[in-house]
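*Asks:* Questions regarding the structure given below will be posed in turn.
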Amino acid sequence: MHRRMVTSAVLAVALLAGLVPFASMAGAVSIGNEGCTPGYWKNHVENWQEITPNKKLDSVWTFGADNAAYGHWTFLEALNAKGGTGISGATEILIRAGSAAWLNAAHEGVGYPYRRFSAGLDGRKPLIELLNAALTSGSRSKMLSLATTLDNANNLGCPQ
């Protein structure tokens with residue numbers, strides 16, 4: 001028991017000193033002006049970090065009453081979404097752009113301007129807040145506005 005406590009203490013000191021790498025739940029911390037498209041991510045699932053292709057969207061994001069069925073889609077299904085008219089079409093456009101954004105922000109090799117759970121470049125709101133607000137808004141224009149913003153970031157240039 002004593003040996004385990006000493007080992008834990010040594011590890012804690014090493015982590016705090018930066019001598020041992022530590023991967024937090026928030027994942028990647030690299031921020032910059034890079035981003036990979038939905039097409040890249042759906043064709044390179046081997047490069048996904050922290051998210052699996054079969055992970056359900058509603059295990060990460062919150063959906064409104066008008067688009068709750070999309071919460072049962074997987075990240076891979078979302079990357080293949082086509083879009084269209086009405087709330088459903090806007091939801092598909094947003095979950096496609098949002099899934100690519102989420103994967104970009106999770107990957108340490110991509111200097112994405114947004115973070116998933118903390119402020120991004122220039123103090124940008126966390127993706128979780130932006131996506132949940134748009135997906136629960138019931139507003140096509142809010143969803144499309146965020147989708148456009150994220151699509152622009154997803155097209156900054158993929159370093160992979």
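Simple scheme: letters A, B, ... for chains in structure tokens order, numbers from 1 for residues in each chain, numbers from 1 for ligands in the order shown.
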What are the nearest atom pairs, with distances in Å to one decimal, for all residues of region 63-82 of chain A that come at most 12 Å from region 33-47 of chain A, using only C-alpha atoms, set out by chain and rising residue number as a Markdown table?
*Replies:*
| residue | atom | partner | partner_atom | distance |
| --- | --- | --- | --- | --- |
| A:Thr74 | CA | A:Lys42 | CA | 11.6 |
| A:Phe75 | CA | A:Lys42 | CA | 9.0 |
| A:Leu76 | CA | A:Lys42 | CA | 6.3 |
| A:Glu77 | CA | A:Lys42 | CA | 8.9 |
| A:Ala78 | CA | A:Pro38 | CA | 9.0 |
| A:Leu79 | CA | A:Pro38 | CA | 5.5 |
| A:Asn80 | CA | A:Lys42 | CA | 7.5 |
| A:Ala81 | CA | A:Pro38 | CA | 9.7 |
| A:Lys82 | CA | A:Pro38 | CA | 11.4 |
*Asks:* I'd like the contact shell of Glu129 (chain A) - 9 Å cut-off, only C-alpha atoms, skipping same-chain residues fewer than 4 positions apart - returned as a list in words.
*Replies:*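 In the requested format, the answer is Arg116, Phe117, Lys125, Ala133 and Ala134 of chain A.
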*Asks:* Between A:Ser141, A:Ala106, A:Gly83, A:Ala153, which residue has the minimum interatomic distance to Leu121 (chain A), considering only C-alpha atoms?
*Replies:*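 Once distances to Leu121 (chain A) are computed over only C-alpha atoms, the minimum belongs to A:Ala153.
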*Asks:* Choose the residue, out of A:Asn155, A:Val29, A:Ile87, A:Ile95, that has the smallest atom-to-atom separation from Lys56 (chain A); count only C-alpha atoms.
*Replies:*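 Of A:Asn155, A:Val29, A:Ile87, A:Ile95, the one nearest Lys56 (chain A) is A:Ile95, counting only C-alpha atoms.
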*Asks:* Could you build a table of the residues in region 117-144 of chain A lying no more than 9 Å from region 63-70 of chain A, giving for each the nearest pair of atoms and their separation in Å rounded to one decimal place, using only C-alpha atoms, ordered by chain and ascending residue number, as a tab-separated table?
*Replies:*
residue	atom	partner	partner_atom	distance
A:Asn132	CA	A:Phe63	CA	6.9
A:Ala133	CA	A:Phe63	CA	8.9
A:Ala134	CA	A:Phe63	CA	8.7
A:Leu135	CA	A:Phe63	CA	5.2
A:Thr136	CA	A:Gly64	CA	4.1
A:Ser137	CA	A:Gly64	CA	6.9
A:Gly138	CA	A:Asp66	CA	6.5
*Asks:* State, in Å with one decimal place, the distance from CA of Glu92 (chain A) to CA of Ala119 (chain A).
*Replies:*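 Straight-line distance from CA of Glu92 (chain A) to CA of Ala119 (chain A) works out to 25.1 Å.
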*Asks:* Leaving out Asp58 (chain A) and any residue of its chain fewer than 3 positions from it, which residues lie within 6 Å of it when counting only C-alpha atoms, given as an mmCIF file with C-alpha atoms, in the first residue's frame?
*Replies:*
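See around25.cif below for the written result:
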data_model
loop_
_atom_site.group_PDB
_atom_site.id
_atom_site.type_symbol
_atom_site.label_atom_id
_atom_site.label_comp_id
_atom_site.auth_asym_id
_atom_site.auth_seq_id
_atom_site.Cartn_x
_atom_site.Cartn_y
_atom_site.Cartn_z
ATOM 1 C CA TRP A 61 -24.585 17.115 -28.064
ATOM 2 C CA THR A 62 -28.097 18.173 -27.120
ATOM 3 C CA GLY A 71 -29.141 12.473 -32.041
#
*Asks:* Neighbours of Thr85 (chain A) within 12 Å (only C-alpha atoms; same-chain residues fewer than 5 positions away dropped), as a list in words?
*Replies:* Ala90, Thr91, Glu92, Ile93, Arg140, Ser141 and Leu144 of chain A
*Asks:* Could you go through region 33-63 of chain A and tell me which residues DSSP, when run on the backbone, assigns to helix (DSSP H, G or I), listing them as a VMD selection string?
*Replies:* chain A and resid 38 to 43 45 to 47 57 to 59
*Asks:* Kindly export the residues of the current selection with C-alpha atoms, as a PDB file, in the first residue's frame.
*Replies:*
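Heads up, here's the output in again_12.pdb:
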ATOM      1  CA  PRO A  38     -16.005  16.356 -43.528  1.00  0.00           C
ATOM      2  CA  GLY A  39     -14.788  14.503 -46.638  1.00  0.00           C
ATOM      3  CA  TYR A  40     -11.338  14.097 -45.156  1.00  0.00           C
ATOM      4  CA  TRP A  41     -12.668  12.720 -41.867  1.00  0.00           C
ATOM      5  CA  LYS A  42     -15.130  10.266 -43.422  1.00  0.00           C
ATOM      6  CA  ASN A  43     -12.346   8.859 -45.612  1.00  0.00           C
ATOM      7  CA  VAL A  45     -11.437   7.181 -39.846  1.00  0.00           C
ATOM      8  CA  GLU A  46      -8.081   5.715 -38.815  1.00  0.00           C
ATOM      9  CA  ASN A  47      -7.004   9.272 -37.901  1.00  0.00           C
ATOM     10  CA  LEU A  57     -24.261  12.353 -31.614  1.00  0.00           C
ATOM     11  CA  ASP A  58     -26.624  12.630 -28.633  1.00  0.00           C
ATOM     12  CA  SER A  59     -23.934  11.153 -26.406  1.00  0.00           C
TER      13      SER A  59
END
